[in-house]
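Chemist: The structure file upload.txt (compact mmCIF, C-alpha atoms) is provided below.
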# COMPACT_ATOMS: atom_id res chain seq x y z
CA MET A 1 0.00 0.00 0.00
CA ASP A 2 2.42 2.68 1.19
CA ASP A 3 4.83 3.85 -1.54
CA THR A 4 3.22 1.38 -3.95
CA LEU A 5 -0.28 2.87 -4.16
CA VAL A 6 0.08 5.85 -1.81
CA ASP A 7 2.91 8.37 -2.08
CA PHE A 8 3.56 7.77 1.60
CA LEU A 9 7.18 8.79 2.01
CA LYS A 10 6.66 12.20 0.40
CA MET A 11 3.62 12.79 2.61
CA LYS A 12 5.52 11.68 5.71
CA LYS A 13 8.53 13.89 5.05
CA ASN A 14 6.43 16.99 4.37
CA SER A 15 4.21 16.36 7.40
CA VAL A 16 7.17 15.90 9.75
CA LEU A 17 8.85 19.03 8.39
CA ALA A 18 5.67 21.03 9.02
CA ALA A 19 5.50 19.64 12.56
CA VAL A 20 9.14 20.44 13.24
CA ARG A 21 8.75 24.03 12.08
CA ALA A 22 5.63 24.46 14.22
CA MET A 23 7.33 23.03 17.32
CA ILE A 24 10.38 25.23 16.86
CA LYS A 25 8.15 28.28 16.50
CA ALA A 26 6.41 27.20 19.73
CA GLY A 27 9.70 27.00 21.63
CA LEU A 28 11.56 23.78 20.73
CA LYS A 29 15.29 24.52 20.97
CA MET A 30 16.55 22.47 18.04
CA SER A 31 17.45 23.12 14.43
CA GLU A 32 15.09 21.92 11.69
CA ASP A 33 17.62 19.43 10.40
CA GLU A 34 18.38 17.96 13.82
CA ALA A 35 14.74 17.57 14.81
CA PHE A 36 13.79 16.12 11.41
CA GLU A 37 16.59 13.55 11.54
CA LYS A 38 15.84 12.55 15.13
CA ILE A 39 12.13 12.03 14.41
CA PHE A 40 12.91 9.77 11.47
CA ALA A 41 15.39 7.86 13.63
CA ILE A 42 12.54 7.32 16.08
CA TYR A 43 10.32 6.02 13.26
CA GLU A 44 13.09 3.66 12.18
CA LYS A 45 13.32 2.29 15.73
CA HIS A 46 9.64 2.23 16.75
CA GLY A 47 7.86 1.86 13.39
CA TRP A 48 6.55 4.25 10.76
CA GLU A 49 3.12 4.37 12.41
CA ASP A 50 4.48 5.30 15.86
CA GLN A 51 2.00 7.71 17.41
CA LYS A 52 4.42 8.95 20.09
CA ALA A 53 7.35 10.04 17.94
CA PHE A 54 7.03 13.71 18.87
CA GLN A 55 6.62 12.91 22.57
CA ARG A 56 9.75 10.76 22.41
CA LEU A 57 11.67 13.61 20.76
CA LEU A 58 10.60 16.15 23.39
CA HIS A 59 11.29 13.81 26.29
CA LYS A 60 14.72 12.92 24.95
CA LYS A 61 15.52 16.61 24.44
CA SER A 62 14.51 17.92 27.87
CA GLY A 63 13.46 14.98 30.03
CA ARG A 64 9.80 15.99 29.87
CA VAL A 65 7.01 16.64 27.36
CA ASP A 66 5.99 20.25 26.83
CA TYR A 67 2.37 19.75 25.77
CA LYS A 68 2.05 23.18 24.20
CA ILE A 69 4.94 22.43 21.86
CA LEU A 70 3.59 18.91 21.27
CA ALA A 71 0.13 20.23 20.36
CA HIS A 72 1.60 22.65 17.82
CA GLY A 73 3.51 19.77 16.23
CA ILE A 74 0.54 17.41 16.09
CA ILE A 75 -1.81 19.99 14.59
CA ALA A 76 0.72 21.01 11.93
CA TYR A 77 1.43 17.35 11.12
CA ARG A 78 -2.26 16.49 10.70
CA LYS A 79 -2.98 19.50 8.51
CA GLU A 80 -0.05 18.77 6.22
CA LYS A 81 -0.84 15.05 6.11
CA ALA A 82 -4.41 15.74 5.00
CA ALA A 83 -3.18 18.09 2.29
CA ARG A 84 -0.39 15.81 1.04
CA LEU A 85 -2.09 12.39 1.02
CA ALA A 86 -2.07 11.34 -2.62
CA LEU A 87 -1.89 8.34 -4.92
CA HIS A 88 1.04 7.69 -7.20
CA ASP A 89 0.48 8.59 -10.84
CA GLY A 90 -1.73 6.17 -12.72
CA VAL A 91 -2.96 4.23 -9.70
CA ARG A 92 -6.70 4.90 -9.96
CA GLU A 93 -6.98 4.27 -13.71
CA THR A 94 -4.86 1.13 -13.41
CA LEU A 95 -7.02 -0.20 -10.57
CA ASN A 96 -10.09 0.46 -12.74
CA ALA A 97 -8.52 -1.46 -15.63
CA LEU A 98 -7.58 -4.38 -13.38
CA LYS A 99 -11.11 -4.60 -11.97
CA GLU A 100 -12.52 -4.55 -15.49
CA LYS A 101 -10.47 -7.70 -16.08
CA LYS A 102 -12.42 -9.29 -13.18
CA LEU A 103 -9.23 -9.79 -11.18
CA LYS A 104 -9.22 -10.13 -7.41
CA LEU A 105 -7.14 -7.45 -5.72
CA GLY A 106 -5.68 -7.50 -2.23
CA ILE A 107 -3.37 -5.55 0.05
CA VAL A 108 -0.79 -6.84 2.52
CA THR A 109 0.48 -4.05 4.74
CA ASP A 110 2.42 -3.74 7.99
CA ALA A 111 0.23 -0.76 8.92
CA PRO A 112 -2.37 -1.09 11.70
CA LYS A 113 -5.94 -1.41 10.43
CA LEU A 114 -7.10 2.08 11.41
CA GLN A 115 -4.17 3.82 9.73
CA ALA A 116 -4.47 1.61 6.64
CA TYR A 117 -8.20 2.20 6.20
CA THR A 118 -7.85 5.91 6.98
CA ARG A 119 -5.55 6.21 3.99
CA LEU A 120 -7.61 3.95 1.72
CA VAL A 121 -10.91 5.65 2.56
CA GLY A 122 -9.35 9.11 2.46
CA LEU A 123 -8.24 8.43 -1.11
CA GLY A 124 -11.49 6.71 -2.09
CA ILE A 125 -9.92 3.41 -3.18
CA GLU A 126 -11.05 1.02 -0.43
CA ASP A 127 -13.69 -0.68 -2.58
CA TYR A 128 -11.19 -1.82 -5.20
CA PHE A 129 -9.79 -4.44 -2.83
CA ASP A 130 -11.32 -7.79 -2.00
CA VAL A 131 -8.87 -8.38 0.87
CA VAL A 132 -6.86 -6.05 3.12
CA VAL A 133 -4.44 -7.82 5.46
CA CYS A 134 -3.03 -5.53 8.17
CA PHE A 135 -0.66 -6.08 11.08
CA GLU A 136 -3.40 -7.13 13.53
CA ASP A 137 -4.47 -9.99 11.26
CA THR A 138 -1.29 -12.00 11.93
CA ASN A 139 0.79 -9.92 14.39
CA ALA A 140 3.70 -10.48 12.00
CA HIS A 141 5.56 -8.06 9.77
CA LYS A 142 6.72 -8.75 6.23
CA PRO A 143 8.80 -10.65 5.09
CA ASP A 144 7.32 -13.23 7.50
CA ALA A 145 5.20 -15.71 5.53
CA LEU A 146 2.14 -15.30 7.78
CA PRO A 147 0.63 -12.12 6.25
CA PHE A 148 1.20 -13.37 2.70
CA ASN A 149 -0.40 -16.74 3.47
CA LYS A 150 -3.30 -14.98 5.21
CA ALA A 151 -4.00 -13.02 2.03
CA LEU A 152 -3.85 -16.20 -0.07
CA SER A 153 -6.31 -17.90 2.26
CA LEU A 154 -8.76 -14.99 2.18
CA LEU A 155 -8.49 -14.69 -1.61
CA GLY A 156 -8.90 -18.43 -2.07
CA ALA A 157 -5.88 -18.39 -4.36
CA LYS A 158 -2.72 -20.42 -4.83
CA ALA A 159 0.60 -18.58 -4.53
CA GLY A 160 1.52 -19.30 -8.15
CA GLU A 161 -1.65 -17.53 -9.30
CA VAL A 162 -0.74 -14.27 -7.55
CA LEU A 163 1.43 -11.33 -8.59
CA PHE A 164 2.62 -9.36 -5.56
CA VAL A 165 3.58 -5.72 -6.15
CA GLY A 166 5.70 -3.94 -3.56
CA ASP A 167 8.28 -1.18 -3.20
CA TRP A 168 10.34 -2.73 -0.39
CA LEU A 169 12.76 -5.35 -1.69
CA ASP A 170 13.70 -6.79 1.70
CA ARG A 171 10.15 -7.15 2.94
CA ASP A 172 7.76 -7.22 -0.02
CA ILE A 173 9.74 -9.02 -2.71
CA ILE A 174 11.58 -11.49 -0.47
CA GLY A 175 8.44 -12.28 1.54
CA ALA A 176 6.21 -12.82 -1.48
CA ALA A 177 8.79 -14.91 -3.32
CA LYS A 178 9.33 -17.04 -0.21
CA VAL A 179 5.71 -18.25 -0.31
CA GLY A 180 5.79 -18.79 -4.09
CA MET A 181 4.11 -15.64 -5.40
CA HIS A 182 5.23 -13.90 -8.58
CA THR A 183 6.84 -10.54 -7.79
CA ALA A 184 6.95 -7.03 -9.24
CA TRP A 185 9.12 -4.33 -7.68
CA ALA A 186 7.54 -0.86 -7.57
CA LYS A 187 10.82 0.93 -8.25
CA TYR A 188 9.03 4.29 -8.49
CA GLY A 189 7.96 3.97 -4.83
CA ASP A 190 11.13 5.47 -3.41
CA GLU A 191 13.74 7.28 -5.46
CA GLU A 192 16.38 6.34 -2.88
CA LYS A 193 15.82 2.58 -3.20
CA LYS A 194 18.30 0.73 -5.40
CA PRO A 195 18.37 -2.82 -6.80
CA ARG A 196 19.92 -5.23 -4.33
CA GLU A 197 22.31 -8.01 -5.22
CA GLY A 198 20.64 -11.36 -4.63
CA ILE A 199 17.09 -9.96 -4.68
CA ARG A 200 15.60 -10.47 -8.14
CA PRO A 201 11.96 -9.55 -8.68
CA GLU A 202 10.45 -11.02 -11.83
CA PHE A 203 9.29 -7.59 -13.01
CA VAL A 204 10.40 -4.00 -12.36
CA LEU A 205 7.77 -1.25 -12.53
CA GLU A 206 8.78 2.29 -13.44
CA SER A 207 5.12 3.27 -12.95
CA PHE A 208 2.06 1.55 -11.49
CA ARG A 209 0.65 1.66 -15.03
CA ASP A 210 3.33 -0.85 -16.07
CA LEU A 211 1.20 -3.54 -14.42
CA LEU A 212 -1.07 -3.44 -17.47
CA LYS A 213 1.85 -4.59 -19.62
CA ILE A 214 2.19 -7.69 -17.44
CA VAL A 215 -1.34 -8.68 -16.45
How does the structure come out when it is put into structure tokens?
Modeler:
Amino acid sequence: MDDTLVDFLKMKKNSVLAAVRAMIKAGLKMSEDEAFEKIFAIYEKHGWEDQKAFQRLLHKKSGRVDYKILAHGIIAYRKEKAARLALHDGVRETLNALKEKKLKLGIVTDAPKLQAYTRLVGLGIEDYFDVVVCFEDTNAHKPDALPFNKALSLLGAKAGEVLFVGDWLDRDIIGAAKVGMHTAWAKYGDEEKKPREGIRPEFVLESFRDLLKIV
């Protein structure tokens, strides 16, 4: 879902930057660059959906949470997130074309259900998908086989009948291949991601629209 359908990383970076600027204006004694880097380090450690990243930053900085500064950050983050939430180019028309082919579509995401459905509903694409497997469904993160197998079970499909599309080589492509799915790497999902030696997706997508050349 994230960085395959949704331009998540761009939204996240812009939202965090807006929050950092608001917190500094409210009294946080840190530079933009330092605060930005520390928040993303917190996400790396505690997960991209961590709801306490700003609290952790403030507590680490001063040993306590200044709730006025925190509130400024949260409000700025939410406003920017709402404005920046967007699909990658070609996603909606490609989903339409795939549904016209009578194909079953599913999502396997590490995101919690509420956050996943908030994004899907916010973008108006929730009804395209027959199955949405989120973290709570298996309590396992990709590349563990559990979420992939859960999706197969719900879809009533065999692994060899499924093409899994994902932007994260280590989690999406390795995990899907491990259970026997065909794989397509959404290279467009993150401009910083590079091909990895030893990880060979069957297809490489420069755009989500490229799926229509395969399916």
Chemist: Give me, please, the distance in Å between CA of Arg78 in chain A and CA of Lys45 in chain A, quoted to one decimal.
Modeler: 21.7 Å
Chemist: Between A:Ala22, A:Leu103, A:Ala111, A:Ala97, which is the closest to Ile69 in chain A once you count all atoms listed in the file?
Modeler: A:Ala22
Chemist: Leaving out Tyr188 in chain A and any residue of its chain fewer than 3 positions from it, which residues lie within 10 Å of it when counting all atoms listed in the file, given as a count of residues only?
Modeler: 15
Chemist: Find the axis-aligned box for range 37-41 of chain A, covering all its listed atoms and adding 6 Å on each side, and write its centre and edge lengths in Å to one decimal as AutoDock Vina command-line options.
Modeler:
--center_x 14.4 --center_y 10.7 --center_z 13.3 --size_x 16.5 --size_y 17.7 --size_z 15.7
Chemist: Env of range 53-68 of chain A: 8 Å cut, atoms = only C-alpha atoms, seq-sep filter 4 positions within chain, self excluded. Answer as an mmCIF file with C-alpha atoms, keeping the file's coordinate frame.
Modeler:
data_model
loop_
_atom_site.group_PDB
_atom_site.id
_atom_site.type_symbol
_atom_site.label_atom_id
_atom_site.label_comp_id
_atom_site.auth_asym_id
_atom_site.auth_seq_id
_atom_site.Cartn_x
_atom_site.Cartn_y
_atom_site.Cartn_z
ATOM 1 C CA ALA A 26 6.410 27.200 19.730
ATOM 2 C CA ALA A 35 14.740 17.570 14.810
ATOM 3 C CA LYS A 38 15.840 12.550 15.130
ATOM 4 C CA ILE A 39 12.130 12.030 14.410
ATOM 5 C CA ILE A 42 12.540 7.320 16.080
ATOM 6 C CA TYR A 43 10.320 6.020 13.260
ATOM 7 C CA HIS A 72 1.600 22.650 17.820
ATOM 8 C CA GLY A 73 3.510 19.770 16.230
ATOM 9 C CA ILE A 74 0.540 17.410 16.090
#
Chemist: Under the rule that all atoms listed in the file are counted, which of A:Ala82, A:Val108, A:Ile173, A:Ile125 is the nearest residue to Asp137 in chain A?
Modeler: A:Val108
Chemist: Could you check which of A:Thr183, A:Ser153, A:Thr94, A:Thr118 is closest to Leu211 in chain A, using all atoms listed in the file?
Modeler: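 Residue with the minimum atom-to-atom distance to Leu211 in chain A: A:Thr94.
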Chemist: Dump as a tab-separated table (two decimals) with C-alpha atoms, in the frame of the given file all residues having an atom at most 6 Å from (-4.9, -12.2, 6.7), computed in the file's coordinates with only C-alpha atoms.
Modeler:
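What ended up in out-v2.tsv:
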chain	number	residue	atom	x	y	z
A	133	VAL	CA	-4.44	-7.82	5.46
A	137	ASP	CA	-4.47	-9.99	11.26
A	147	PRO	CA	0.63	-12.12	6.25
A	150	LYS	CA	-3.30	-14.98	5.21
A	151	ALA	CA	-4.00	-13.02	2.03
Chemist: Set the distance at 12 Å and use all atoms listed in the file: which residues neighbour Tyr77 in chain A once local chain neighbours fewer than 3 positions away are removed? I'd like the list as number ranges by chain.
Modeler: A: 11-23, 51, 53-54, 70-74, 80-85
Chemist: Just how far from CA of Ala140 in chain A is CA of Glu161 in chain A, in Å to one decimal?
Modeler: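 Distance reported for this atom pair: 23.1 Å.
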Chemist: Could you work out how far CA of Ala157 in chain A lies from CA of Tyr117 in chain A, giving the answer in Å with one decimal?
Modeler: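 Interatomic distance here is 23.3 Å.
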Chemist: If you count all atoms listed in the file, which residues fall within 8 Å of Leu105 in chain A, apart from same-chain ones fewer than 2 positions away, as a ChimeraX atom specification?
Modeler: /A:99,103,107,128-131
Chemist: May I have the residues within 12 Å of Lys101 in chain A as a list in words, using only C-alpha atoms and disregarding those fewer than 6 positions away in the same chain?
Modeler: Thr94, Leu95, Leu212 and Val215 of chain A
Chemist: Put those residues in a file: C-alpha atoms, as a PDB file, in the frame of the given file.
Modeler:
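Writing done, so here's result26.pdb:
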ATOM      1  CA  THR A  94      -4.860   1.130 -13.410  1.00  0.00           C
ATOM      2  CA  LEU A  95      -7.020  -0.200 -10.570  1.00  0.00           C
ATOM      3  CA  LEU A 212      -1.070  -3.440 -17.470  1.00  0.00           C
ATOM      4  CA  VAL A 215      -1.340  -8.680 -16.450  1.00  0.00           C
TER       5      VAL A 215
END
Chemist: Give the answer as one residue: which of A:His46, A:Lys104, A:Lys79, A:Arg209 has the shortest atom-to-atom distance to Ala186 in chain A, using all atoms listed in the file?
Modeler: A:Arg209
Chemist: Could you rebuild range 137-160 of chain A with N, CA and C atoms and give it back as an mmCIF file, in the frame of the given file?
Modeler:
data_model
loop_
_atom_site.group_PDB
_atom_site.id
_atom_site.type_symbol
_atom_site.label_atom_id
_atom_site.label_comp_id
_atom_site.auth_asym_id
_atom_site.auth_seq_id
_atom_site.Cartn_x
_atom_site.Cartn_y
_atom_site.Cartn_z
ATOM 1 N N ASP A 137 -3.943 -8.723 11.775
ATOM 2 C CA ASP A 137 -4.470 -9.990 11.260
ATOM 3 C C ASP A 137 -3.550 -11.174 11.530
ATOM 4 N N THR A 138 -2.249 -10.912 11.676
ATOM 5 C CA THR A 138 -1.290 -12.000 11.930
ATOM 6 C C THR A 138 -0.291 -11.671 13.027
ATOM 7 N N ASN A 139 -0.227 -10.385 13.419
ATOM 8 C CA ASN A 139 0.790 -9.920 14.390
ATOM 9 C C ASN A 139 2.203 -10.235 13.902
ATOM 10 N N ALA A 140 2.377 -10.236 12.597
ATOM 11 C CA ALA A 140 3.700 -10.480 12.000
ATOM 12 C C ALA A 140 3.936 -9.444 10.913
ATOM 13 N N HIS A 141 5.171 -9.008 10.813
ATOM 14 C CA HIS A 141 5.560 -8.060 9.770
ATOM 15 C C HIS A 141 6.168 -8.807 8.582
ATOM 16 N N LYS A 142 5.993 -8.251 7.389
ATOM 17 C CA LYS A 142 6.720 -8.750 6.230
ATOM 18 C C LYS A 142 8.225 -8.635 6.497
ATOM 19 N N PRO A 143 9.050 -9.577 6.070
ATOM 20 C CA PRO A 143 8.800 -10.650 5.090
ATOM 21 C C PRO A 143 8.336 -11.976 5.699
ATOM 22 N N ASP A 144 7.864 -12.000 6.951
ATOM 23 C CA ASP A 144 7.320 -13.230 7.500
ATOM 24 C C ASP A 144 6.241 -13.772 6.561
ATOM 25 N N ALA A 145 6.149 -15.089 6.462
ATOM 26 C CA ALA A 145 5.200 -15.710 5.530
ATOM 27 C C ALA A 145 3.750 -15.551 5.971
ATOM 28 N N LEU A 146 3.510 -15.307 7.270
ATOM 29 C CA LEU A 146 2.140 -15.300 7.780
ATOM 30 C C LEU A 146 1.205 -14.315 7.073
ATOM 31 N N PRO A 147 1.572 -13.026 6.909
ATOM 32 C CA PRO A 147 0.630 -12.120 6.250
ATOM 33 C C PRO A 147 0.367 -12.480 4.791
ATOM 34 N N PHE A 148 1.382 -12.982 4.092
ATOM 35 C CA PHE A 148 1.200 -13.370 2.700
ATOM 36 C C PHE A 148 0.253 -14.575 2.602
ATOM 37 N N ASN A 149 0.459 -15.552 3.465
ATOM 38 C CA ASN A 149 -0.400 -16.740 3.470
ATOM 39 C C ASN A 149 -1.824 -16.396 3.901
ATOM 40 N N LYS A 150 -1.963 -15.432 4.804
ATOM 41 C CA LYS A 150 -3.300 -14.980 5.210
ATOM 42 C C LYS A 150 -4.043 -14.406 4.018
ATOM 43 N N ALA A 151 -3.368 -13.602 3.219
ATOM 44 C CA ALA A 151 -4.000 -13.020 2.030
ATOM 45 C C ALA A 151 -4.401 -14.112 1.041
ATOM 46 N N LEU A 152 -3.531 -15.097 0.840
ATOM 47 C CA LEU A 152 -3.850 -16.200 -0.070
ATOM 48 C C LEU A 152 -5.095 -16.949 0.405
ATOM 49 N N SER A 153 -5.166 -17.189 1.702
ATOM 50 C CA SER A 153 -6.310 -17.900 2.260
ATOM 51 C C SER A 153 -7.605 -17.110 2.047
ATOM 52 N N LEU A 154 -7.572 -15.820 2.325
ATOM 53 C CA LEU A 154 -8.760 -14.990 2.180
ATOM 54 C C LEU A 154 -9.177 -14.841 0.715
ATOM 55 N N LEU A 155 -8.209 -14.803 -0.175
ATOM 56 C CA LEU A 155 -8.490 -14.690 -1.610
ATOM 57 C C LEU A 155 -8.931 -16.028 -2.209
ATOM 58 N N GLY A 156 -8.633 -17.117 -1.512
ATOM 59 C CA GLY A 156 -8.900 -18.430 -2.070
ATOM 60 C C GLY A 156 -8.042 -18.709 -3.278
ATOM 61 N N ALA A 157 -6.782 -18.285 -3.207
ATOM 62 C CA ALA A 157 -5.880 -18.390 -4.360
ATOM 63 C C ALA A 157 -4.630 -19.185 -3.987
ATOM 64 N N LYS A 158 -4.012 -19.771 -4.996
ATOM 65 C CA LYS A 158 -2.720 -20.420 -4.830
ATOM 66 C C LYS A 158 -1.625 -19.395 -5.080
ATOM 67 N N ALA A 159 -0.491 -19.558 -4.422
ATOM 68 C CA ALA A 159 0.600 -18.580 -4.530
ATOM 69 C C ALA A 159 1.017 -18.357 -5.983
ATOM 70 N N GLY A 160 1.084 -19.417 -6.765
ATOM 71 C CA GLY A 160 1.520 -19.300 -8.150
ATOM 72 C C GLY A 160 0.560 -18.562 -9.048
#
